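Student: Pasting in a structure now, in structure tokens, and then I'll have a few things to ask.
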Amino acid sequence: MTLYDSIGGETSVRVAVDDFYERLLGDPALAPFFSGVDLRKLKTHQRAFLTAALGGAELYQGRDMGAAHAGLAIADEDFDAVVAHLVETLAGLGVATETIEQIGAKLAPLRTQIVTATARQPSG
């Protein structure tokens, strides 16, 4: 069974992505990263990415993570906050701790592609 199947497949990914972005937009430190972003399109890409990353049948055809996050000046603190929101989202959906840890291990290598700033930029 893939991680995708173990969290509940397409329905769970859709619900998780919606909840995840509500959390991100509600975080004053992270919300500015999404100013002027087409959230409908972003959520579509996120669902495709997660589906592919977790072993689902969908092929992710979006930009690579480095290109997608270039110029955003994302710091380690920002990446960690996003991961924390993802963990909270998955836990809130009843995903087992062990499965959340496996998902985290699968996504952790993306840090080197996404983090480009040495310190968190002031929001405003």
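Labels used: A, B, ... for chains in the order of the structure tokens, numbers from 1 for residues in each chain, and numbers from 1 for ligands as shown.
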I'd like the contact shell of stretch 62-66 of chain A - 7 Å cut-off, only C-alpha atoms, skipping same-chain residues fewer than 5 positions apart - returned as a PDB file with N, CA and C atoms, in the first residue's frame.

Tutor:
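Output (around-v1.pdb):
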```pdb
ATOM      1  N   HIS A  45      -2.026  22.326  -8.318  1.00  0.00           N
ATOM      2  CA  HIS A  45      -0.639  21.857  -8.414  1.00  0.00           C
ATOM      3  C   HIS A  45      -0.233  21.088  -7.156  1.00  0.00           C
ATOM      4  N   GLN A 113      15.928  22.642  -1.949  1.00  0.00           N
ATOM      5  CA  GLN A 113      15.458  23.293  -3.172  1.00  0.00           C
ATOM      6  C   GLN A 113      14.612  24.531  -2.881  1.00  0.00           C
ATOM      7  N   ILE A 114      13.953  24.540  -1.734  1.00  0.00           N
ATOM      8  CA  ILE A 114      12.978  25.585  -1.417  1.00  0.00           C
ATOM      9  C   ILE A 114      13.576  26.720  -0.595  1.00  0.00           C
TER      10      ILE A 114
END
```

Student: Which residues in stretch 8-112 of chain A does DSSP call helix (DSSP H, G or I)? List them as an NGL selection string.

Tutor: :A and (9-25 or 31-34 or 39-53 or 65-69 or 76-92 or 97-112)

Student: Skip stretch 90-92 of chain A itself and residues of its chain fewer than 2 positions away, then list as a PyMOL selection string all residues within 12 Å of it, counting only C-alpha atoms.

Tutor: chain A and resi 6-8+12-20+23+83-88+94-104

Student: Kindly save the residues from that selection, with N, CA and C atoms included, as a PDB file, in the first residue's frame.

Tutor:
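What follows is the written file result-v2.pdb:
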```
ATOM      1  N   SER A   6      -2.689   4.949   1.969  1.00  0.00           N
ATOM      2  CA  SER A   6      -2.824   4.846   3.425  1.00  0.00           C
ATOM      3  C   SER A   6      -3.466   6.080   4.053  1.00  0.00           C
ATOM      4  N   ILE A   7      -3.388   7.236   3.370  1.00  0.00           N
ATOM      5  CA  ILE A   7      -4.054   8.421   3.934  1.00  0.00           C
ATOM      6  C   ILE A   7      -5.478   8.590   3.412  1.00  0.00           C
ATOM      7  N   GLY A   8      -5.883   7.739   2.475  1.00  0.00           N
ATOM      8  CA  GLY A   8      -7.256   7.796   1.989  1.00  0.00           C
ATOM      9  C   GLY A   8      -7.417   8.224   0.550  1.00  0.00           C
ATOM     10  N   SER A  12      -8.909  12.330   0.473  1.00  0.00           N
ATOM     11  CA  SER A  12      -8.111  12.822   1.598  1.00  0.00           C
ATOM     12  C   SER A  12      -7.103  13.870   1.161  1.00  0.00           C
ATOM     13  N   VAL A  13      -6.491  13.675   0.009  1.00  0.00           N
ATOM     14  CA  VAL A  13      -5.539  14.670  -0.487  1.00  0.00           C
ATOM     15  C   VAL A  13      -6.260  15.988  -0.746  1.00  0.00           C
ATOM     16  N   ARG A  14      -7.440  15.937  -1.344  1.00  0.00           N
ATOM     17  CA  ARG A  14      -8.203  17.165  -1.618  1.00  0.00           C
ATOM     18  C   ARG A  14      -8.539  17.897  -0.321  1.00  0.00           C
ATOM     19  N   VAL A  15      -9.052  17.169   0.660  1.00  0.00           N
ATOM     20  CA  VAL A  15      -9.408  17.769   1.949  1.00  0.00           C
ATOM     21  C   VAL A  15      -8.160  18.309   2.644  1.00  0.00           C
ATOM     22  N   ALA A  16      -7.078  17.535   2.606  1.00  0.00           N
ATOM     23  CA  ALA A  16      -5.835  17.953   3.259  1.00  0.00           C
ATOM     24  C   ALA A  16      -5.292  19.237   2.643  1.00  0.00           C
ATOM     25  N   VAL A  17      -5.290  19.323   1.328  1.00  0.00           N
ATOM     26  CA  VAL A  17      -4.759  20.516   0.661  1.00  0.00           C
ATOM     27  C   VAL A  17      -5.607  21.739   1.005  1.00  0.00           C
ATOM     28  N   ASP A  18      -6.921  21.605   1.011  1.00  0.00           N
ATOM     29  CA  ASP A  18      -7.785  22.735   1.373  1.00  0.00           C
ATOM     30  C   ASP A  18      -7.517  23.197   2.801  1.00  0.00           C
ATOM     31  N   ASP A  19      -7.440  22.258   3.736  1.00  0.00           N
ATOM     32  CA  ASP A  19      -7.182  22.596   5.135  1.00  0.00           C
ATOM     33  C   ASP A  19      -5.787  23.193   5.305  1.00  0.00           C
ATOM     34  N   PHE A  20      -4.817  22.610   4.633  1.00  0.00           N
ATOM     35  CA  PHE A  20      -3.430  23.057   4.698  1.00  0.00           C
ATOM     36  C   PHE A  20      -3.319  24.527   4.291  1.00  0.00           C
ATOM     37  N   ARG A  23      -4.701  26.921   6.821  1.00  0.00           N
ATOM     38  CA  ARG A  23      -3.734  27.117   7.906  1.00  0.00           C
ATOM     39  C   ARG A  23      -2.616  28.072   7.489  1.00  0.00           C
ATOM     40  N   VAL A  83       5.925  22.883   7.336  1.00  0.00           N
ATOM     41  CA  VAL A  83       5.915  21.466   7.722  1.00  0.00           C
ATOM     42  C   VAL A  83       5.017  21.260   8.938  1.00  0.00           C
ATOM     43  N   ALA A  84       5.114  22.154   9.922  1.00  0.00           N
ATOM     44  CA  ALA A  84       4.276  22.040  11.123  1.00  0.00           C
ATOM     45  C   ALA A  84       2.793  22.108  10.755  1.00  0.00           C
ATOM     46  N   HIS A  85       2.441  22.993   9.839  1.00  0.00           N
ATOM     47  CA  HIS A  85       1.042  23.084   9.401  1.00  0.00           C
ATOM     48  C   HIS A  85       0.609  21.819   8.665  1.00  0.00           C
ATOM     49  N   LEU A  86       1.504  21.238   7.883  1.00  0.00           N
ATOM     50  CA  LEU A  86       1.175  19.991   7.188  1.00  0.00           C
ATOM     51  C   LEU A  86       0.964  18.862   8.192  1.00  0.00           C
ATOM     52  N   VAL A  87       1.827  18.780   9.183  1.00  0.00           N
ATOM     53  CA  VAL A  87       1.687  17.756  10.226  1.00  0.00           C
ATOM     54  C   VAL A  87       0.356  17.926  10.955  1.00  0.00           C
ATOM     55  N   GLU A  88       0.022  19.160  11.331  1.00  0.00           N
ATOM     56  CA  GLU A  88      -1.247  19.431  12.015  1.00  0.00           C
ATOM     57  C   GLU A  88      -2.436  19.072  11.127  1.00  0.00           C
ATOM     58  N   GLY A  94      -6.736  12.502  11.016  1.00  0.00           N
ATOM     59  CA  GLY A  94      -6.653  11.158  11.577  1.00  0.00           C
ATOM     60  C   GLY A  94      -5.571  10.283  10.981  1.00  0.00           C
ATOM     61  N   VAL A  95      -4.630  10.879  10.263  1.00  0.00           N
ATOM     62  CA  VAL A  95      -3.526  10.100   9.698  1.00  0.00           C
ATOM     63  C   VAL A  95      -2.613   9.661  10.843  1.00  0.00           C
ATOM     64  N   ALA A  96      -2.204   8.409  10.815  1.00  0.00           N
ATOM     65  CA  ALA A  96      -1.359   7.840  11.868  1.00  0.00           C
ATOM     66  C   ALA A  96      -0.015   8.562  11.943  1.00  0.00           C
ATOM     67  N   THR A  97       0.501   8.692  13.161  1.00  0.00           N
ATOM     68  CA  THR A  97       1.777   9.367  13.390  1.00  0.00           C
ATOM     69  C   THR A  97       2.889   8.758  12.543  1.00  0.00           C
ATOM     70  N   GLU A  98       2.940   7.441  12.471  1.00  0.00           N
ATOM     71  CA  GLU A  98       3.981   6.772  11.679  1.00  0.00           C
ATOM     72  C   GLU A  98       3.883   7.160  10.201  1.00  0.00           C
ATOM     73  N   THR A  99       2.678   7.262   9.698  1.00  0.00           N
ATOM     74  CA  THR A  99       2.475   7.653   8.298  1.00  0.00           C
ATOM     75  C   THR A  99       2.889   9.104   8.087  1.00  0.00           C
ATOM     76  N   ILE A 100       2.554   9.970   9.037  1.00  0.00           N
ATOM     77  CA  ILE A 100       2.960  11.379   8.952  1.00  0.00           C
ATOM     78  C   ILE A 100       4.483  11.474   8.930  1.00  0.00           C
ATOM     79  N   GLU A 101       5.148  10.672   9.754  1.00  0.00           N
ATOM     80  CA  GLU A 101       6.613  10.674   9.785  1.00  0.00           C
ATOM     81  C   GLU A 101       7.185  10.209   8.446  1.00  0.00           C
ATOM     82  N   GLN A 102       6.565   9.211   7.838  1.00  0.00           N
ATOM     83  CA  GLN A 102       7.019   8.728   6.526  1.00  0.00           C
ATOM     84  C   GLN A 102       6.831   9.799   5.454  1.00  0.00           C
ATOM     85  N   ILE A 103       5.723  10.508   5.523  1.00  0.00           N
ATOM     86  CA  ILE A 103       5.474  11.596   4.571  1.00  0.00           C
ATOM     87  C   ILE A 103       6.509  12.696   4.777  1.00  0.00           C
ATOM     88  N   GLY A 104       6.777  13.033   6.039  1.00  0.00           N
ATOM     89  CA  GLY A 104       7.786  14.046   6.349  1.00  0.00           C
ATOM     90  C   GLY A 104       9.157  13.669   5.810  1.00  0.00           C
TER      91      GLY A 104
END
```

Student: In Å, rounded to a single decimal, give me how far atom CA of A:Gly55 is from atom CA of A:Thr2.

Tutor: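 Atom-to-atom, atom CA of A:Thr2 and atom CA of A:Gly55 are spaced 5.5 Å apart.
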
Student: Taking only C-alpha atoms into account, name the residue in A:Pro28, A:Ala52, A:Ser35, A:Gly9 that is nearest to A:Lys106.

Tutor: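 Checking each of A:Pro28, A:Ala52, A:Ser35, A:Gly9 against A:Lys106, counting only C-alpha atoms, the winner is A:Ala52.
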